[in-house]
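Notes to accompany the following structure.
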Amino acid sequence: MKLTSLRATVLVMMMALLASCGLFKPGPSKVVKNFYHDVEAGKIEEATKLFSAQVQQTFGSKLSTVMSSQTRKIEQKGGIKSIDTKENITGDLAKVEYTVTYKDGSTEQGSIDLIKEKGDWKIQLGPNK
Amino acid sequence: MTWFKRSLQALVPVAMILIVMAVVNGSAKEEPAPNAPALHIDEQAVENGDMIFRRGVGLASDFVVSVDAASRFSHVGIICKQAGQPYVIHILPDEGRGDDDTVRMEPLSLFLSPANASGFAVCRLSGRHRTVAQRAASQALAFWKKQVCYDYDLDASNARRLYCSELVWQAYKMAGIDLTDGVLQRVTIPFYQGRYVLISRLLNSRWLETLQQQ
């Protein structure tokens, strides 16, 4: 019985170790999807946390204001039906090309740059390079 | 059952550690807004058609066009003198407070008051283009007289509605010079995937020279 308990503890510790290494952290595409779904659900605080520290520091509360207005726009489109993504990772930088399809049939296509900060992928803003 | 119970007991401290880590990592701090310094501008030196960029008191809707110039300037207008006094013709959105969202003309001193600005730059057409600048100022004045409304869709394809950098760009384009040389920029901002007249694009236009800045 002791052996079983020990195994379980080791298993849990290994999972915790892997989690702390970022193995279970969302990749760039997942971050983009989470971002859109957070904005759709009105979870603006959660959504703004997905921006890089530099973006959060530069734009502060403006981010919340802008994203709140998008919650209303998504609602007017009936909500998000699906999000398709294609990601390209180069070291600590990534570009996600995405297509958001809304329930009213409209779509939004674009790309988002992300940067890895402390193991987490974060959204960067700027001109398309 | 006992094995499951013991596994759960083993999970508790690990889960607590992970929760603490998540809370520590997740508590992003926002920098307080810096105090606006006093701005000094030589009002006599500005001329019709000069472009005036300002930093500070950023409005949310200007966020897109100032996205790559955020550390410097977030808004722009055009100088139009009236009875020898410098005014700025510019446009701002209604941020939900019932603000005037049509083209407005304000005294330069008000445009750069500490409540509105923490930095500025004055740019002018370089070379022999003063007549173009004069025409651009007249065009901006026409936008004001027509009370053109703010373009919440940020659509630069026409001048029926305008956003701040578009107002300056359209005024100069109609006067004969395209300050962006026909290149509107795409941005990598969620929800905003069109082409925009970015403030930095105007600021770095090959047609302009900077006269004053603070």
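FYI, nothing fancy with the structure tokens labels: chains A, B, ... in order, residues from 1 per chain, ligands from 1 as they appear.
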
At most 7 Å is the cut-off: for each residue in region 7-122 of chain A with any atom that close to an atom of region 172-191 of chain B, write down the nearest atom pair and the distance in Å rounded to one decimal, counting only C-alpha atoms, chain first then increasing number, as JSON lines.
```
{"residue": "A:Ser111", "atom": "CA", "partner": "B:Thr188", "partner_atom": "CA", "distance": 5.8}
{"residue": "A:Ile112", "atom": "CA", "partner": "B:Thr188", "partner_atom": "CA", "distance": 5.0}
{"residue": "A:Asp113", "atom": "CA", "partner": "B:Thr188", "partner_atom": "CA", "distance": 6.5}
```

Could you save the residues just selected, with N, CA and C atoms, as a PDB file, in the first residue's frame?
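What landed in again_31.pdb:
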```
ATOM      1  N   SER A 111      -3.680  38.148 -38.647  1.00  0.00           N
ATOM      2  CA  SER A 111      -2.562  37.483 -37.978  1.00  0.00           C
ATOM      3  C   SER A 111      -2.232  38.225 -36.695  1.00  0.00           C
ATOM      4  N   ILE A 112      -1.732  37.494 -35.744  1.00  0.00           N
ATOM      5  CA  ILE A 112      -1.375  38.061 -34.446  1.00  0.00           C
ATOM      6  C   ILE A 112       0.031  37.603 -34.096  1.00  0.00           C
ATOM      7  N   ASP A 113       0.849  38.541 -33.643  1.00  0.00           N
ATOM      8  CA  ASP A 113       2.194  38.196 -33.184  1.00  0.00           C
ATOM      9  C   ASP A 113       2.159  37.885 -31.695  1.00  0.00           C
TER      10      ASP A 113
END
```

Problem - chain A residues near chain B (9 Å cut-off, only C-alpha atoms) as a ChimeraX atom specification - result: /A:1,4-9,12-13,16,19-20,32,35-36,49,53,56-67,70,108-113,118,123-129

Okay, now the selection with N, CA and C atoms, as a short mmCIF file (atom, residue, chain, number, x, y, z; two decimals), in the first residue's frame?
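The resulting file, part-v1.cif, is shown below:
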```cif
data_model
loop_
_atom_site.label_atom_id
_atom_site.label_comp_id
_atom_site.auth_asym_id
_atom_site.auth_seq_id
_atom_site.Cartn_x
_atom_site.Cartn_y
_atom_site.Cartn_z
N MET A 1 0.82 -1.21 0.00
CA MET A 1 0.00 0.00 0.00
C MET A 1 0.86 1.26 0.00
N THR A 4 2.16 2.02 -3.42
CA THR A 4 1.16 2.65 -4.29
C THR A 4 1.07 4.14 -4.01
N SER A 5 1.07 4.47 -2.73
CA SER A 5 0.99 5.86 -2.32
C SER A 5 2.21 6.63 -2.83
N LEU A 6 3.36 5.97 -2.71
CA LEU A 6 4.60 6.59 -3.16
C LEU A 6 4.55 6.85 -4.67
N ARG A 7 4.03 5.85 -5.40
CA ARG A 7 3.91 5.99 -6.86
C ARG A 7 3.03 7.19 -7.22
N ALA A 8 1.92 7.29 -6.52
CA ALA A 8 0.99 8.38 -6.80
C ALA A 8 1.65 9.72 -6.54
N THR A 9 2.40 9.79 -5.43
CA THR A 9 3.06 11.05 -5.09
C THR A 9 4.08 11.42 -6.15
N VAL A 12 2.37 12.61 -9.27
CA VAL A 12 1.86 13.97 -9.12
C VAL A 12 3.00 14.98 -9.18
N MET A 13 4.13 14.62 -8.52
CA MET A 13 5.27 15.53 -8.52
C MET A 13 5.81 15.72 -9.94
N ALA A 16 3.55 17.97 -11.79
CA ALA A 16 3.76 19.35 -11.34
C ALA A 16 5.02 19.93 -11.97
N ALA A 19 4.38 20.66 -15.52
CA ALA A 19 3.53 21.85 -15.63
C ALA A 19 4.36 23.10 -15.44
N SER A 20 5.28 23.05 -14.44
CA SER A 20 6.09 24.24 -14.18
C SER A 20 7.06 24.51 -15.32
N VAL A 32 -4.56 32.58 -28.71
CA VAL A 32 -5.41 33.41 -29.57
C VAL A 32 -6.87 33.01 -29.42
N PHE A 35 -8.16 34.10 -26.13
CA PHE A 35 -8.36 35.54 -26.13
C PHE A 35 -9.73 35.89 -26.72
N TYR A 36 -10.01 35.34 -27.90
CA TYR A 36 -11.29 35.65 -28.54
C TYR A 36 -12.47 35.16 -27.70
N LYS A 49 -4.98 40.08 -19.79
CA LYS A 49 -3.79 39.41 -19.23
C LYS A 49 -3.05 38.61 -20.30
N ALA A 53 3.53 42.05 -21.33
CA ALA A 53 3.69 43.03 -20.26
C ALA A 53 3.90 44.43 -20.83
N GLN A 56 0.55 45.77 -21.98
CA GLN A 56 -0.28 46.11 -20.82
C GLN A 56 0.19 47.41 -20.18
N GLN A 57 1.52 47.56 -20.10
CA GLN A 57 2.08 48.75 -19.48
C GLN A 57 1.83 49.99 -20.34
N THR A 58 1.99 49.83 -21.66
CA THR A 58 1.85 50.98 -22.56
C THR A 58 0.40 51.45 -22.65
N PHE A 59 -0.51 50.52 -22.80
CA PHE A 59 -1.89 50.92 -23.08
C PHE A 59 -2.81 50.89 -21.86
N GLY A 60 -2.39 50.22 -20.80
CA GLY A 60 -3.16 50.22 -19.55
C GLY A 60 -4.64 49.94 -19.76
N SER A 61 -5.46 50.83 -19.18
CA SER A 61 -6.91 50.59 -19.19
C SER A 61 -7.53 50.75 -20.58
N LYS A 62 -6.77 51.34 -21.53
CA LYS A 62 -7.32 51.49 -22.88
C LYS A 62 -7.66 50.12 -23.47
N LEU A 63 -6.83 49.13 -23.12
CA LEU A 63 -7.06 47.78 -23.64
C LEU A 63 -8.44 47.29 -23.24
N SER A 64 -8.79 47.50 -21.98
CA SER A 64 -10.09 47.03 -21.48
C SER A 64 -11.22 47.73 -22.22
N THR A 65 -11.05 49.05 -22.42
CA THR A 65 -12.10 49.82 -23.10
C THR A 65 -12.32 49.31 -24.52
N VAL A 66 -11.19 49.11 -25.22
CA VAL A 66 -11.29 48.66 -26.61
C VAL A 66 -11.89 47.26 -26.68
N MET A 67 -11.43 46.37 -25.81
CA MET A 67 -11.92 44.98 -25.86
C MET A 67 -13.37 44.87 -25.43
N GLN A 70 -15.53 45.35 -28.23
CA GLN A 70 -15.57 44.18 -29.11
C GLN A 70 -16.52 43.11 -28.61
N GLU A 108 -13.58 36.97 -39.91
CA GLU A 108 -12.49 37.92 -39.68
C GLU A 108 -11.19 37.16 -39.85
N GLN A 109 -10.37 37.64 -40.77
CA GLN A 109 -9.09 36.97 -41.00
C GLN A 109 -7.97 37.90 -40.62
N GLY A 110 -6.89 37.35 -40.11
CA GLY A 110 -5.76 38.21 -39.77
C GLY A 110 -4.62 37.42 -39.18
N SER A 111 -3.68 38.15 -38.65
CA SER A 111 -2.56 37.48 -37.98
C SER A 111 -2.23 38.22 -36.69
N ILE A 112 -1.73 37.49 -35.74
CA ILE A 112 -1.38 38.06 -34.45
C ILE A 112 0.03 37.60 -34.10
N ASP A 113 0.85 38.54 -33.64
CA ASP A 113 2.19 38.20 -33.18
C ASP A 113 2.16 37.89 -31.69
N LYS A 118 8.19 34.54 -19.67
CA LYS A 118 8.20 33.65 -18.49
C LYS A 118 7.46 32.35 -18.80
N ILE A 123 0.27 38.12 -26.34
CA ILE A 123 -0.04 38.82 -27.59
C ILE A 123 0.71 40.16 -27.67
N GLN A 124 1.36 40.36 -28.80
CA GLN A 124 2.05 41.61 -29.08
C GLN A 124 1.21 42.42 -30.05
N LEU A 125 1.34 43.72 -30.02
CA LEU A 125 0.61 44.57 -30.95
C LEU A 125 1.59 45.38 -31.78
N GLY A 126 1.17 45.72 -32.98
CA GLY A 126 2.02 46.57 -33.80
C GLY A 126 1.67 46.48 -35.26
N PRO A 127 2.44 47.18 -36.11
CA PRO A 127 2.19 47.08 -37.54
C PRO A 127 2.57 45.70 -38.02
N ASN A 128 1.90 45.25 -39.06
CA ASN A 128 2.21 43.93 -39.62
C ASN A 128 3.53 44.02 -40.37
N LYS A 129 4.49 43.25 -39.96
CA LYS A 129 5.82 43.33 -40.60
C LYS A 129 6.01 42.19 -41.58
#
```

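Excluding Ile83 (chain A) itself and any same-chain residue fewer than 6 positions from it, the protein and nucleic acid residues within 8 Å of it, counting only C-alpha atoms, are Lys33, Tyr98, Thr99, Val100 and Thr101 of chain A.
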
Preceding selection exported with C-alpha atoms as a compact mmCIF listing (two decimals), in the first residue's frame:
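part_9.txt was written with the following content:
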```txt
# COMPACT_ATOMS: atom_id res chain seq x y z
CA LYS A 33 -8.50 31.22 -29.26
CA TYR A 98 -6.44 32.97 -37.89
CA THR A 99 -9.96 33.02 -39.26
CA VAL A 100 -12.80 33.72 -36.88
CA THR A 101 -16.20 32.69 -38.18
```

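Comparing A:Arg72, A:Lys77, A:Lys103, A:Lys95 by their smallest distance to Val31 (chain A), the closest is A:Lys95 (using only C-alpha atoms).
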
Exercise for the section: Excluding region 81-94 of chain B and any residue of its chain fewer than 5 positions from it, enumerate the residues within 8 Å of it, using only C-alpha atoms, and give them as a PyMOL selection string. Expected result: chain B and resi 43+46-48+52+59+61+76+99-108+111+140-141+144+150-152+162-164+167

Those same residues - N, CA and C atoms - I'd like them written as a PDB file, in the first residue's frame.
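Saved to selection_11.pdb:
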```pdb
ATOM      1  N   GLU B  43       4.145  79.532 -30.286  1.00  0.00           N
ATOM      2  CA  GLU B  43       2.912  79.634 -31.081  1.00  0.00           C
ATOM      3  C   GLU B  43       3.090  80.506 -32.313  1.00  0.00           C
ATOM      4  N   VAL B  46       4.305  78.580 -35.581  1.00  0.00           N
ATOM      5  CA  VAL B  46       3.505  77.607 -36.333  1.00  0.00           C
ATOM      6  C   VAL B  46       2.792  78.292 -37.500  1.00  0.00           C
ATOM      7  N   GLU B  47       2.568  77.527 -38.550  1.00  0.00           N
ATOM      8  CA  GLU B  47       1.930  78.080 -39.754  1.00  0.00           C
ATOM      9  C   GLU B  47       0.763  77.197 -40.184  1.00  0.00           C
ATOM     10  N   ASN B  48      -0.052  77.749 -41.038  1.00  0.00           N
ATOM     11  CA  ASN B  48      -1.177  76.983 -41.579  1.00  0.00           C
ATOM     12  C   ASN B  48      -0.683  75.673 -42.207  1.00  0.00           C
ATOM     13  N   ILE B  52       0.372  68.851 -35.900  1.00  0.00           N
ATOM     14  CA  ILE B  52       0.772  68.806 -34.494  1.00  0.00           C
ATOM     15  C   ILE B  52       0.370  67.466 -33.885  1.00  0.00           C
ATOM     16  N   LEU B  59      -7.051  58.300 -26.211  1.00  0.00           N
ATOM     17  CA  LEU B  59      -8.415  57.802 -26.220  1.00  0.00           C
ATOM     18  C   LEU B  59      -8.410  56.407 -26.786  1.00  0.00           C
ATOM     19  N   SER B  61     -10.173  54.808 -28.830  1.00  0.00           N
ATOM     20  CA  SER B  61     -10.342  54.574 -30.256  1.00  0.00           C
ATOM     21  C   SER B  61      -9.132  54.999 -31.073  1.00  0.00           C
ATOM     22  N   VAL B  76      -3.206  63.420 -33.479  1.00  0.00           N
ATOM     23  CA  VAL B  76      -2.642  64.402 -34.411  1.00  0.00           C
ATOM     24  C   VAL B  76      -3.742  65.325 -34.927  1.00  0.00           C
ATOM     25  N   ASP B  99     -19.398  62.920 -25.763  1.00  0.00           N
ATOM     26  CA  ASP B  99     -18.458  63.915 -26.289  1.00  0.00           C
ATOM     27  C   ASP B  99     -18.813  64.277 -27.734  1.00  0.00           C
ATOM     28  N   ASP B 100     -18.374  65.466 -28.138  1.00  0.00           N
ATOM     29  CA  ASP B 100     -18.530  65.891 -29.529  1.00  0.00           C
ATOM     30  C   ASP B 100     -17.633  65.003 -30.385  1.00  0.00           C
ATOM     31  N   ASP B 101     -18.228  64.271 -31.315  1.00  0.00           N
ATOM     32  CA  ASP B 101     -17.408  63.386 -32.148  1.00  0.00           C
ATOM     33  C   ASP B 101     -17.376  63.848 -33.599  1.00  0.00           C
ATOM     34  N   THR B 102     -17.533  65.179 -33.781  1.00  0.00           N
ATOM     35  CA  THR B 102     -17.356  65.745 -35.120  1.00  0.00           C
ATOM     36  C   THR B 102     -16.019  66.492 -35.141  1.00  0.00           C
ATOM     37  N   VAL B 103     -15.586  66.859 -36.363  1.00  0.00           N
ATOM     38  CA  VAL B 103     -14.328  67.606 -36.481  1.00  0.00           C
ATOM     39  C   VAL B 103     -14.447  68.880 -35.641  1.00  0.00           C
ATOM     40  N   ARG B 104     -13.422  69.135 -34.855  1.00  0.00           N
ATOM     41  CA  ARG B 104     -13.466  70.318 -33.992  1.00  0.00           C
ATOM     42  C   ARG B 104     -12.274  71.233 -34.257  1.00  0.00           C
ATOM     43  N   MET B 105     -12.442  72.498 -33.893  1.00  0.00           N
ATOM     44  CA  MET B 105     -11.345  73.460 -34.024  1.00  0.00           C
ATOM     45  C   MET B 105     -11.125  74.091 -32.645  1.00  0.00           C
ATOM     46  N   GLU B 106      -9.936  73.886 -32.113  1.00  0.00           N
ATOM     47  CA  GLU B 106      -9.655  74.360 -30.758  1.00  0.00           C
ATOM     48  C   GLU B 106      -8.406  75.225 -30.774  1.00  0.00           C
ATOM     49  N   PRO B 107      -8.311  76.185 -29.845  1.00  0.00           N
ATOM     50  CA  PRO B 107      -7.067  76.945 -29.729  1.00  0.00           C
ATOM     51  C   PRO B 107      -5.896  75.990 -29.448  1.00  0.00           C
ATOM     52  N   LEU B 108      -4.744  76.306 -30.017  1.00  0.00           N
ATOM     53  CA  LEU B 108      -3.571  75.461 -29.820  1.00  0.00           C
ATOM     54  C   LEU B 108      -3.270  75.268 -28.330  1.00  0.00           C
ATOM     55  N   PHE B 111      -5.428  72.582 -27.012  1.00  0.00           N
ATOM     56  CA  PHE B 111      -5.012  71.280 -27.555  1.00  0.00           C
ATOM     57  C   PHE B 111      -3.820  70.720 -26.778  1.00  0.00           C
ATOM     58  N   ALA B 140      -8.948  71.088 -44.288  1.00  0.00           N
ATOM     59  CA  ALA B 140      -9.291  70.722 -42.904  1.00  0.00           C
ATOM     60  C   ALA B 140     -10.409  71.625 -42.386  1.00  0.00           C
ATOM     61  N   LEU B 141     -10.302  72.903 -42.748  1.00  0.00           N
ATOM     62  CA  LEU B 141     -11.342  73.852 -42.337  1.00  0.00           C
ATOM     63  C   LEU B 141     -12.693  73.466 -42.959  1.00  0.00           C
ATOM     64  N   TRP B 144     -14.226  70.800 -40.984  1.00  0.00           N
ATOM     65  CA  TRP B 144     -14.814  71.348 -39.758  1.00  0.00           C
ATOM     66  C   TRP B 144     -16.168  71.990 -40.055  1.00  0.00           C
ATOM     67  N   TYR B 150     -16.772  61.341 -36.606  1.00  0.00           N
ATOM     68  CA  TYR B 150     -15.687  60.390 -36.358  1.00  0.00           C
ATOM     69  C   TYR B 150     -15.998  59.053 -37.035  1.00  0.00           C
ATOM     70  N   ASP B 151     -14.956  58.448 -37.570  1.00  0.00           N
ATOM     71  CA  ASP B 151     -15.096  57.176 -38.283  1.00  0.00           C
ATOM     72  C   ASP B 151     -14.768  56.016 -37.330  1.00  0.00           C
ATOM     73  N   TYR B 152     -15.805  55.485 -36.714  1.00  0.00           N
ATOM     74  CA  TYR B 152     -15.584  54.411 -35.742  1.00  0.00           C
ATOM     75  C   TYR B 152     -15.152  53.105 -36.416  1.00  0.00           C
ATOM     76  N   LEU B 162     -14.110  60.449 -40.586  1.00  0.00           N
ATOM     77  CA  LEU B 162     -12.653  60.541 -40.433  1.00  0.00           C
ATOM     78  C   LEU B 162     -12.204  60.138 -39.039  1.00  0.00           C
ATOM     79  N   TYR B 163     -11.014  59.573 -38.946  1.00  0.00           N
ATOM     80  CA  TYR B 163     -10.359  59.446 -37.633  1.00  0.00           C
ATOM     81  C   TYR B 163      -9.141  60.357 -37.649  1.00  0.00           C
ATOM     82  N   CYS B 164      -8.483  60.529 -36.518  1.00  0.00           N
ATOM     83  CA  CYS B 164      -7.545  61.649 -36.380  1.00  0.00           C
ATOM     84  C   CYS B 164      -6.468  61.693 -37.461  1.00  0.00           C
ATOM     85  N   LEU B 167      -7.824  62.342 -40.951  1.00  0.00           N
ATOM     86  CA  LEU B 167      -8.186  63.726 -41.245  1.00  0.00           C
ATOM     87  C   LEU B 167      -6.994  64.464 -41.856  1.00  0.00           C
TER      88      LEU B 167
END
```

Problem - helix (DSSP H, G or I) per DSSP on the backbone: members of region 61-191 of chain B, as a ChimeraX atom specification - result: /B:61-62,108-111,130-146,164-175

Find the residues around Gly78 (chain A) up to 6 Å (only C-alpha atoms counted), leave out those fewer than 2 positions away in its own chain, and share them as a compact mmCIF listing (two decimals) with C-alpha atoms, in the first residue's frame.
```txt
# COMPACT_ATOMS: atom_id res chain seq x y z
CA GLU A 75 -22.73 39.72 -29.57
CA GLN A 76 -24.21 41.60 -32.52
CA LYS A 103 -22.60 32.82 -36.16
CA ASP A 104 -24.07 35.40 -38.56
```

Exercise for the section: Name all residues at most 10 Å from Ser157 (chain B) (count only C-alpha atoms; drop same-chain ones fewer than 2 positions away) and give them as number ranges by chain. Expected result: B: 154-155, 159-162, 166, 170, 195-196

Problem - Members of region 52-214 of chain B assigned strand (DSSP E or B) by DSSP, as a VMD selection string - result: chain B and resid 52 to 55 75 to 82 85 to 90 102 104 to 107 119 to 125 149 to 150 161 to 162 185 to 187 189 192 195 to 196 208 to 213

Could you write out the selected residues, including C-alpha atoms, as a compact mmCIF listing (two decimals), in the first residue's frame?
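Generated output (again.txt):
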```txt
# COMPACT_ATOMS: atom_id res chain seq x y z
CA ILE B 52 0.77 68.81 -34.49
CA PHE B 53 1.18 65.47 -32.78
CA ARG B 54 0.49 65.05 -29.10
CA ARG B 55 1.07 62.41 -26.48
CA HIS B 75 -3.11 61.94 -31.56
CA VAL B 76 -2.64 64.40 -34.41
CA GLY B 77 -4.28 67.53 -35.78
CA ILE B 78 -3.59 70.28 -38.30
CA ILE B 79 -2.88 73.96 -37.66
CA CYS B 80 -5.28 76.53 -39.07
CA LYS B 81 -4.77 80.15 -38.10
CA GLN B 82 -7.78 82.36 -37.51
CA GLN B 85 -4.20 82.96 -33.70
CA PRO B 86 -3.24 79.28 -34.07
CA TYR B 87 -6.05 76.74 -33.86
CA VAL B 88 -5.91 72.97 -34.24
CA ILE B 89 -8.42 71.15 -36.39
CA HIS B 90 -8.77 67.55 -35.24
CA THR B 102 -17.36 65.74 -35.12
CA ARG B 104 -13.47 70.32 -33.99
CA MET B 105 -11.35 73.46 -34.02
CA GLU B 106 -9.66 74.36 -30.76
CA PRO B 107 -7.07 76.95 -29.73
CA GLY B 119 4.24 65.90 -25.15
CA PHE B 120 4.06 67.24 -28.68
CA ALA B 121 5.80 67.64 -32.01
CA VAL B 122 5.18 70.14 -34.78
CA CYS B 123 5.93 68.96 -38.31
CA ARG B 124 5.86 70.88 -41.58
CA LEU B 125 6.06 70.02 -45.25
CA CYS B 149 -18.21 62.75 -37.93
CA TYR B 150 -15.69 60.39 -36.36
CA ARG B 161 -16.12 60.00 -41.85
CA LEU B 162 -12.65 60.54 -40.43
CA GLN B 185 -0.39 49.78 -42.96
CA ARG B 186 -1.86 46.60 -41.67
CA VAL B 187 -1.68 46.00 -37.93
CA ILE B 189 -4.23 43.69 -33.48
CA TYR B 192 -8.53 45.23 -36.30
CA ARG B 195 -5.27 49.04 -43.40
CA TYR B 196 -4.85 52.20 -41.39
CA LEU B 208 7.83 66.27 -43.34
CA GLU B 209 10.41 67.89 -41.13
CA THR B 210 10.07 68.30 -37.39
CA LEU B 211 10.24 71.89 -36.18
CA GLN B 212 9.49 71.71 -32.48
CA GLN B 213 9.01 68.90 -30.03
```

Practice task
Work out how far apart CA of Asn34 (chain A) and CA of Asp120 (chain A) are and give it in Å to one decimal.
Solution key: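 Distance reported for this atom pair: 13.0 Å.
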
Problem - Gly127 (chain B) surroundings by only C-alpha atoms, 12 Å radius, close-in-sequence under 4 positions cut, as a PyMOL selection string - result: chain B and resi 131-133+206-209

Fill in the blank from the handout: Expressed in Å, the length from CA of Val10 (chain A) to CA of Lys116 (chain A) is 29.2 Å
